[in-house]
Structures are given as C-alpha cells and as structure tokens.
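coords-v9.csv (CSV, C-alpha atoms (C1' of nucleotides))
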```csv
chain,number,residue,atom,x,y,z
A,1,MET,CA,0.0,0.0,0.0
A,2,PRO,CA,1.5,3.3,-1.1
A,3,GLU,CA,2.7,5.5,1.8
A,4,LEU,CA,4.7,8.7,1.5
A,5,PRO,CA,7.9,7.1,0.2
A,6,GLU,CA,6.1,5.1,-2.5
A,7,VAL,CA,4.1,8.2,-3.6
A,8,GLU,CA,7.3,10.2,-3.8
A,9,THR,CA,8.8,7.5,-5.9
A,10,VAL,CA,5.8,7.6,-8.3
A,11,ARG,CA,5.9,11.4,-8.4
A,12,LYS,CA,9.6,11.4,-9.4
A,13,ALA,CA,9.1,8.8,-12.1
A,14,LEU,CA,6.0,10.5,-13.6
A,15,SER,CA,7.7,13.9,-13.5
A,16,ASN,CA,10.5,12.6,-15.7
A,17,LEU,CA,8.0,11.2,-18.2
A,18,ILE,CA,4.9,13.3,-18.6
A,19,ILE,CA,5.7,17.0,-17.7
A,20,ASN,CA,4.7,19.4,-20.5
A,21,LYS,CA,2.5,16.9,-22.2
A,22,THR,CA,-1.0,18.1,-23.3
A,23,ILE,CA,-4.1,16.1,-22.5
A,24,ARG,CA,-6.1,15.4,-25.7
A,25,ASP,CA,-8.9,13.2,-24.2
A,26,ILE,CA,-9.9,11.3,-21.1
A,27,ASP,CA,-11.8,8.1,-20.6
A,28,VAL,CA,-13.3,7.4,-17.2
A,29,PHE,CA,-14.4,3.8,-16.8
A,30,TYR,CA,-15.2,3.8,-13.1
A,31,THR,CA,-16.8,7.1,-12.2
A,32,LYS,CA,-16.6,6.8,-8.4
A,33,ILE,CA,-12.9,7.6,-8.4
A,34,VAL,CA,-13.7,11.2,-9.4
A,35,ARG,CA,-15.2,12.6,-6.2
A,36,ASN,CA,-15.9,16.3,-6.2
A,37,VAL,CA,-17.0,17.0,-9.8
A,38,SER,CA,-19.0,15.2,-12.5
A,39,VAL,CA,-17.1,13.1,-15.0
A,40,GLU,CA,-18.2,15.6,-17.7
A,41,GLU,CA,-16.7,18.5,-15.7
A,42,PHE,CA,-13.6,16.5,-15.0
A,43,LYS,CA,-13.0,15.8,-18.7
A,44,TYR,CA,-13.9,19.3,-19.8
A,45,SER,CA,-11.7,21.0,-17.2
A,46,LEU,CA,-8.6,18.9,-18.1
A,47,GLU,CA,-8.8,18.4,-21.8
A,48,ASN,CA,-6.3,20.6,-23.8
A,49,ARG,CA,-4.4,21.4,-20.6
A,50,VAL,CA,-0.6,21.1,-20.3
A,51,LEU,CA,0.8,19.3,-17.2
A,52,LYS,CA,3.0,21.9,-15.6
A,53,ARG,CA,4.4,19.9,-12.7
A,54,ILE,CA,3.7,17.1,-10.2
A,55,ASP,CA,3.9,17.9,-6.5
A,56,ARG,CA,3.2,15.7,-3.4
A,57,TYR,CA,1.8,16.4,0.0
A,58,GLY,CA,1.7,13.4,2.4
A,59,LYS,CA,0.3,10.6,0.4
A,60,TYR,CA,-1.4,12.8,-2.2
A,61,LEU,CA,-0.1,13.5,-5.7
A,62,ILE,CA,-0.9,16.9,-7.1
A,63,PHE,CA,-0.9,17.2,-10.9
A,64,ASN,CA,-0.7,20.9,-11.6
A,65,PHE,CA,-2.3,22.0,-14.9
A,66,GLY,CA,-2.0,25.7,-14.3
A,67,GLU,CA,-5.4,27.1,-13.1
A,68,VAL,CA,-6.6,23.6,-12.0
A,69,SER,CA,-4.9,20.8,-10.2
A,70,LEU,CA,-5.8,17.1,-10.0
A,71,ILE,CA,-5.3,15.7,-6.5
A,72,SER,CA,-4.9,12.0,-6.6
A,73,HIS,CA,-4.8,9.5,-3.7
A,74,LEU,CA,-3.7,6.0,-4.5
A,75,ARG,CA,-5.2,4.5,-1.3
A,76,MET,CA,-4.4,0.8,-1.2
A,77,GLU,CA,-3.4,-0.3,-4.7
A,78,GLY,CA,-3.6,2.7,-7.0
A,79,LYS,CA,-0.9,2.8,-9.7
A,80,TYR,CA,0.0,4.8,-12.7
A,81,PHE,CA,1.3,3.4,-16.0
A,82,ILE,CA,2.4,5.2,-19.1
A,83,LYS,CA,1.6,3.3,-22.3
A,84,ASN,CA,1.1,4.0,-26.0
A,85,ALA,CA,-2.5,4.9,-26.9
A,86,ASP,CA,-2.8,1.8,-29.1
A,87,MET,CA,-2.2,-0.6,-26.2
A,88,PRO,CA,-5.4,-2.3,-25.2
A,89,LYS,CA,-7.1,-1.4,-22.0
A,90,GLU,CA,-6.3,-3.8,-19.2
A,91,LYS,CA,-8.5,-5.0,-16.4
A,92,HIS,CA,-8.5,-2.6,-13.5
A,93,GLU,CA,-7.5,0.4,-15.7
A,94,HIS,CA,-10.2,2.8,-14.6
A,95,ILE,CA,-9.1,6.2,-16.0
A,96,ILE,CA,-7.0,6.8,-19.2
A,97,PHE,CA,-5.5,10.2,-20.0
A,98,TYR,CA,-4.6,10.5,-23.7
A,99,PHE,CA,-1.8,12.9,-24.5
A,100,THR,CA,-1.4,14.7,-27.9
A,101,ASP,CA,1.9,12.9,-28.6
A,102,GLY,CA,0.3,9.4,-28.6
A,103,ASP,CA,1.2,8.4,-25.0
A,104,THR,CA,-1.4,7.7,-22.3
A,105,LEU,CA,-1.3,7.9,-18.5
A,106,ARG,CA,-3.4,5.0,-17.1
A,107,TYR,CA,-4.8,4.9,-13.5
A,108,HIS,CA,-4.9,1.2,-12.4
A,109,ASP,CA,-6.5,0.3,-9.1
A,110,THR,CA,-7.5,-3.3,-8.3
A,111,ARG,CA,-9.6,-2.4,-5.3
A,112,LYS,CA,-11.1,0.9,-6.7
A,113,PHE,CA,-10.3,2.7,-3.4
A,114,GLY,CA,-8.3,5.5,-5.0
A,115,THR,CA,-9.7,9.0,-5.4
A,116,MET,CA,-9.2,12.0,-7.6
A,117,ASP,CA,-10.4,15.6,-6.9
A,118,LEU,CA,-10.3,18.5,-9.3
A,119,ILE,CA,-9.4,21.7,-7.4
A,120,PRO,CA,-8.6,25.3,-8.5
A,121,THR,CA,-4.9,25.5,-8.0
A,122,LYS,CA,-5.2,28.6,-5.8
A,123,ASP,CA,-7.5,26.7,-3.4
A,124,ILE,CA,-5.3,23.6,-2.9
A,125,TYR,CA,-4.2,24.6,0.6
A,126,ILE,CA,-7.4,26.4,1.4
A,127,ASP,CA,-10.2,24.0,0.4
A,128,SER,CA,-9.2,20.5,-0.7
A,129,PRO,CA,-8.4,17.1,0.9
A,130,ILE,CA,-5.0,18.4,1.7
A,131,THR,CA,-6.3,21.2,3.9
A,132,LYS,CA,-7.1,18.8,6.7
A,133,LEU,CA,-3.7,17.2,6.8
A,134,GLY,CA,-1.1,17.6,9.6
A,135,PHE,CA,2.6,18.3,9.0
A,136,GLU,CA,4.9,15.9,7.3
A,137,PRO,CA,7.7,14.6,9.6
A,138,PHE,CA,10.2,16.6,7.5
A,139,ASN,CA,8.4,19.9,8.3
A,140,LYS,CA,10.2,22.0,10.9
A,141,GLU,CA,6.8,22.9,12.3
A,142,LEU,CA,6.4,19.3,13.4
A,143,THR,CA,7.9,19.9,16.9
A,144,VAL,CA,7.8,18.1,20.2
A,145,ALA,CA,5.5,20.9,21.5
A,146,TYR,CA,3.1,20.6,18.5
A,147,LEU,CA,2.8,16.9,18.8
A,148,GLN,CA,2.4,16.9,22.5
A,149,LYS,CA,-0.4,19.4,22.2
A,150,ARG,CA,-2.1,17.3,19.6
A,151,ILE,CA,-1.9,14.1,21.5
A,152,GLN,CA,-2.3,15.2,25.1
A,153,LYS,CA,-6.0,14.4,25.1
A,154,LYS,CA,-5.8,11.2,23.1
A,155,GLY,CA,-6.5,8.2,25.2
A,156,THR,CA,-6.1,5.9,22.2
A,157,ALA,CA,-3.1,3.8,21.2
A,158,ILE,CA,0.0,5.7,20.0
A,159,LYS,CA,-0.2,3.7,16.8
A,160,THR,CA,-3.7,4.9,16.1
A,161,VAL,CA,-2.6,8.5,16.6
A,162,LEU,CA,0.4,8.2,14.3
A,163,LEU,CA,-1.9,6.8,11.6
A,164,ASP,CA,-4.1,9.9,11.9
A,165,GLN,CA,-3.2,12.0,8.9
A,166,THR,CA,-4.6,15.1,10.5
A,167,ILE,CA,-1.8,15.0,13.1
A,168,ILE,CA,1.1,13.7,11.1
A,169,THR,CA,0.8,13.0,7.4
A,170,GLY,CA,2.7,10.5,5.4
A,171,LEU,CA,3.0,7.5,7.8
A,172,GLY,CA,1.0,4.4,7.0
A,173,ASN,CA,0.7,1.0,8.6
A,174,ILE,CA,4.2,-0.3,7.6
A,175,TYR,CA,6.2,2.7,8.6
A,176,VAL,CA,4.4,3.3,11.9
A,177,ASP,CA,5.3,-0.2,13.0
A,178,GLU,CA,9.0,0.6,12.1
A,179,VAL,CA,9.0,4.0,13.7
A,180,LEU,CA,7.5,2.6,17.0
A,181,PHE,CA,10.1,-0.2,17.0
A,182,LEU,CA,13.0,2.2,16.6
A,183,SER,CA,11.5,4.4,19.3
A,184,LYS,CA,11.1,1.4,21.6
A,185,LEU,CA,7.4,2.2,22.1
A,186,ASN,CA,4.6,-0.4,22.5
A,187,PRO,CA,2.0,0.3,19.8
A,188,THR,CA,-0.8,-0.1,22.3
A,189,LYS,CA,0.5,2.5,24.7
A,190,SER,CA,-1.9,5.4,25.3
A,191,ALA,CA,-0.8,8.4,23.3
A,192,ASN,CA,-1.4,10.8,26.3
A,193,THR,CA,1.2,8.9,28.4
A,194,ILE,CA,4.0,9.4,25.9
A,195,THR,CA,6.9,11.5,27.3
A,196,LYS,CA,8.6,14.4,25.6
A,197,ILE,CA,11.7,12.3,25.1
A,198,GLU,CA,9.6,9.6,23.4
A,199,ILE,CA,7.8,12.2,21.2
A,200,LYS,CA,11.2,13.4,20.1
A,201,ALA,CA,12.2,9.8,19.3
A,202,VAL,CA,9.1,9.3,17.3
A,203,ILE,CA,9.7,12.5,15.2
A,204,ASP,CA,13.4,11.7,14.7
A,205,ASN,CA,12.7,8.1,13.7
A,206,SER,CA,9.9,9.1,11.4
A,207,ILE,CA,12.3,11.3,9.5
A,208,LYS,CA,14.9,8.6,9.5
A,209,VAL,CA,12.6,5.8,8.3
A,210,LEU,CA,10.9,7.9,5.6
A,211,ASN,CA,14.2,9.3,4.3
A,212,LYS,CA,15.7,5.9,4.0
A,213,ALA,CA,12.6,4.5,2.3
A,214,ILE,CA,12.5,7.3,-0.2
A,215,LYS,CA,16.2,6.7,-1.0
A,216,LEU,CA,15.4,3.0,-1.6
A,217,GLY,CA,12.3,3.7,-3.7
A,218,GLY,CA,9.7,2.7,-1.1
A,219,THR,CA,8.5,-0.7,-0.1
A,220,THR,CA,7.3,-3.4,-2.4
A,221,ILE,CA,5.2,-5.6,-0.2
A,222,ARG,CA,2.2,-8.0,-0.4
A,223,SER,CA,-0.1,-7.1,-3.2
A,224,TYR,CA,1.3,-3.6,-3.7
A,225,THR,CA,4.0,-3.1,-6.3
A,226,SER,CA,4.9,0.2,-7.7
A,227,SER,CA,4.2,1.2,-11.3
A,228,LEU,CA,6.5,2.3,-14.1
A,229,GLY,CA,8.8,-0.6,-13.5
A,230,VAL,CA,9.9,0.9,-10.2
A,231,THR,CA,10.4,-1.6,-7.4
A,232,GLY,CA,11.2,-0.4,-3.9
A,233,ARG,CA,13.9,-2.0,-1.8
A,234,PHE,CA,12.9,-0.8,1.7
A,235,GLN,CA,11.2,-4.1,2.4
A,236,ASN,CA,14.7,-5.5,2.9
A,237,GLU,CA,15.2,-3.0,5.7
A,238,LEU,CA,12.0,-3.8,7.7
A,239,ASN,CA,12.7,-4.7,11.3
A,240,VAL,CA,9.3,-5.9,12.5
A,241,HIS,CA,6.5,-5.3,9.9
A,242,THR,CA,5.6,-8.7,8.3
A,243,LYS,CA,8.1,-10.5,10.6
A,244,LYS,CA,5.7,-12.4,12.8
A,245,ASP,CA,7.4,-15.2,14.6
A,246,LEU,CA,10.8,-14.2,13.3
A,247,PRO,CA,13.5,-13.1,15.8
A,248,CYS,CA,13.8,-9.4,16.7
A,249,PRO,CA,17.0,-8.0,15.1
A,250,ILE,CA,18.1,-6.6,18.5
A,251,CYS,CA,17.1,-9.1,21.2
A,252,ASN,CA,16.1,-12.2,19.3
A,253,THR,CA,12.6,-12.3,20.9
A,254,LEU,CA,10.0,-13.5,18.5
A,255,ILE,CA,8.1,-10.7,16.8
A,256,LYS,CA,4.4,-10.6,17.7
A,257,LYS,CA,1.4,-9.7,15.5
A,258,ILE,CA,-1.6,-8.1,17.1
A,259,LYS,CA,-4.5,-5.9,16.1
A,260,VAL,CA,-4.5,-2.3,17.0
A,261,ASN,CA,-7.7,-0.5,16.1
A,262,GLY,CA,-8.3,-3.2,13.5
A,263,ARG,CA,-4.8,-2.8,11.9
A,264,GLY,CA,-2.3,-5.6,11.7
A,265,THR,CA,0.5,-4.6,14.0
A,266,TYR,CA,4.0,-6.1,14.4
A,267,TYR,CA,6.2,-5.4,17.4
A,268,CYS,CA,8.9,-6.9,19.7
A,269,PRO,CA,7.3,-7.6,23.1
A,270,LYS,CA,10.7,-7.2,24.8
A,271,CYS,CA,12.1,-4.1,23.1
A,272,GLN,CA,8.7,-2.3,23.0
A,273,GLN,CA,7.3,-2.8,26.5
B,1,DG,C1',-14.1,16.9,20.7
B,2,DT,C1',-13.3,12.0,21.0
B,3,DG,C1',-13.5,7.1,20.0
B,4,DA,C1',-15.5,3.1,17.9
B,5,DC,C1',-17.4,1.1,14.1
B,6,DC,C1',-18.6,0.5,9.3
B,7,DA,C1',-18.4,0.9,4.2
B,8,DC,C1',-15.9,1.1,0.2
B,9,DC,C1',-13.6,-3.0,-3.0
B,10,DT,C1',-11.3,-7.3,-4.9
B,11,DG,C1',-7.8,-10.9,-4.9
B,12,DG,C1',-5.7,-14.3,-2.2
B,13,DC,C1',-5.9,-17.7,1.1
B,14,DC,C1',-8.0,-21.2,3.9
B,15,DG,C1',-11.2,-24.7,5.4
B,16,DC,C1',-14.7,-27.7,4.2
C,1,DT,C1',-12.3,-28.9,-7.7
C,2,DG,C1',-15.4,-25.6,-6.2
C,3,DC,C1',-17.5,-22.8,-2.9
C,4,DG,C1',-18.1,-19.7,1.0
C,5,DG,C1',-16.0,-16.9,4.4
C,6,DC,C1',-12.4,-14.1,6.0
C,7,DC,C1',-8.5,-10.9,5.7
C,8,DA,C1',-5.8,-7.0,4.0
C,9,DG,C1',-6.1,-1.6,4.8
C,10,DG,C1',-6.5,4.4,4.1
C,11,DT,C1',-10.0,7.3,4.5
C,12,DG,C1',-14.5,9.4,5.3
C,13,DG,C1',-18.9,9.1,7.3
C,14,DT,C1',-22.0,8.1,11.2
C,15,DC,C1',-23.2,7.5,15.8
C,16,DA,C1',-22.9,7.5,20.8
```
How does this structure look as structure tokens?
Amino acid sequence: MPELPEVETVRKALSNLIINKTIRDIDVFYTKIVRNVSVEEFKYSLENRVLKRIDRYGKYLIFNFGEVSLISHLRMEGKYFIKNADMPKEKHEHIIFYFTDGDTLRYHDTRKFGTMDLIPTKDIYIDSPITKLGFEPFNKELTVAYLQKRIQKKGTAIKTVLLDQTIITGLGNIYVDEVLFLSKLNPTKSANTITKIEIKAVIDNSIKVLNKAIKLGGTTIRSYTSSLGVTGRFQNELNVHTKKDLPCPICNTLIKKIKVNGRGTYYCPKCQQ
DNA sequence: GTGACCACCTGGCCGC
DNA sequence: TGCGGCCAGGTGGTCA
C-alpha cells in the first residue's frame, strides 16, 4: 500500500516522463474515483491542458495543470502506468488520459479505493483534501511541542494517533510499525502517556525511516507493487513489519502480531514494552 | 471533541 | 475442484 515514500517514488518517475504533455482526451471507466466534480466537468476541465508539474503532500499526488490541479490519492493499490495509446485497456485500468503525442497515462486500481479531486490550484491549501492534513515529519513545524499538544487528550493507542493523517501526514501501517520499533514504544501505549523524550524519538525516527525508504524507492510488499517498473527495496530494511514469529534484530525475541484498532500490527514484546 | 465502528472493494488464502 | 468466508487496509462518514 503506497505510503509517503512510495508516492514520492511515483511522483519522481512520472515527473520525468509526462511533464509538459498536453491532454487530448480522457476516458473514465469507473466514475466513483472522481469525487468532487462530475465526469463531464472532470474531462472538460482537463482536456487541452498542459501538465506543468507534479507535487506531493503526504500521500497525495498533485498534478498541476495551471489554473486547475488534480489531487490523486492511490489508497491501497492505485498505480499509474504510461503506455502508448494503441495498447489495449487492461483489467483494473479505470481512467486513461490521452496525450497529444500518442502516449497515455493510465490509472490502475485493483480495489477501486483510489480518489481524484479537481481543485482550482489557488485553493489547494485552502479548500481541498490536503487542507485537513497535519505536518509531514520533514516539516520543521512538526515539533515536540506541537505533537504533545495534539496528542495530550488522546486516550487511544499511539499507533492509532500516528496513523491519523490530520496529526502527522505520510505515515501508514508499515512505517508506523517501524517507527515505533526504533522508538522502543509499545504500539498499544496510550498516546497521552508518551513523554517528551519519546515524542522526540518518534519524530526523529519518522524522518529517519521515511528518508531511508525514499532513498530506496519505497517498499514493495504484499499485493502492492509500484508502477512504471519501479520496485522499492525498503522491504529488505524492515525490522518488524511482516516479521511475525521471526527473531527481533536486537534481542532475538520472536516478533508478535496483534490488532490495534483493526490494523495488523507487528512489534517486539521485549524491546517495545 | 473523542473514539468506535462501518463501508468502500477485490484478490488471495484457507477450510470444508 | 469448487464454494463460502475471512482478511488485507486508508479514508470518510456516522453515531454514541
């Protein structure tokens, strides 16, 4: 499932391939992916526009077409492929953007969870899905004081809080498990009992884990593989996630798998007490 | 404001 | 072999 590093990998790959291309036509085969406007408006607003650049905030991709931007969330299994227009449509390709040069950008999503919103570019940070998001771990405004203030009334598990994108954006199930392992925090510990030192460790380790994952192209795991021939290598660096019943890399205690708020959660019962 | 739960969706896996 | 049921999980909505 794409988290911040995977989305950044996709952003870089797409930027190298489709910037400055002009959209000639769009086919939408599964209309629910387009959320905030009708399919007709979606097509009308984007056709004949030139893709200026691709940005990212948290797990969202922002395709900037000048006056309007397309905000895309890949959710569980969304992927983009670039193919020639004469290639046949494959199963699970739900939206196809046709460029004037004969290439196409194809949105592929096995589970149809992904979303696209069309937003006036001037409103991206005022009125869009991005508006609600918290700071990315790299943001200097994500301080110990900020995080302490946001979690001091949270009686839920620290893992649940770190998955809340309105507090910190970019961490998903895989990386939260890794961050908590490096921070020696039990994923079920109540967020409002976390000390300042532990909060500092969470922030530092979030930056460390995400930077390393971005450098390695993200994580290729389970059903999710990246598009465009890009395969992440961070799965080789995982300490606990998917390591149930395997020895902890630090103390050799067997890694446990539990559920935290319905999410599969891996941790070392000795290192993360 | 907070927390718990559910829906969305399909492929893979497991047990019968 | 075929079938049914469960699981995976990010986000948004609903309800208490």
Tell me the residues of chain A close to chain C, meaning within 10 Å using all atoms listed in the file, as a PyMOL selection string. chain A and resi 1-3+59+73-77+113-114+163-165+172-173+222-223+262-264
What are the residues of chain B lining chain A at 7 Å or less? Count all atoms listed in the file, and put the answer as a PyMOL selection string. chain B and resi 8-10
Just the number, please: distance in Å from CA of Pro5 in chain A to CA of Ala145 in chain A, one decimal.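 Calculated distance between CA of Pro5 in chain A and CA of Ala145 in chain A is 25.5 Å.
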What's around range 85-95 of chain A at 10 Å? Count only C-alpha atoms (C1' of nucleotides), leave out sequence neighbours fewer than 4 positions away in its own chain, and write the answer as JSON, numbers by chain. {"A": [26, 27, 28, 29, 30, 31, 32, 33, 34, 78, 79, 80, 81, 99, 100, 101, 102, 103, 104, 105, 106, 107, 108, 109, 110, 111, 112]}
For the atom pair CA of Asn252 in chain A and CA of Ala213 in chain A, what is the interatomic distance in Å to one decimal place? 24.1 Å
Interatomic distance (Å, one decimal) between CA of Ile71 in chain A and CA of Ile214 in chain A: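 Atom-to-atom, CA of Ile71 in chain A to CA of Ile214 in chain A, that is 20.7 Å.
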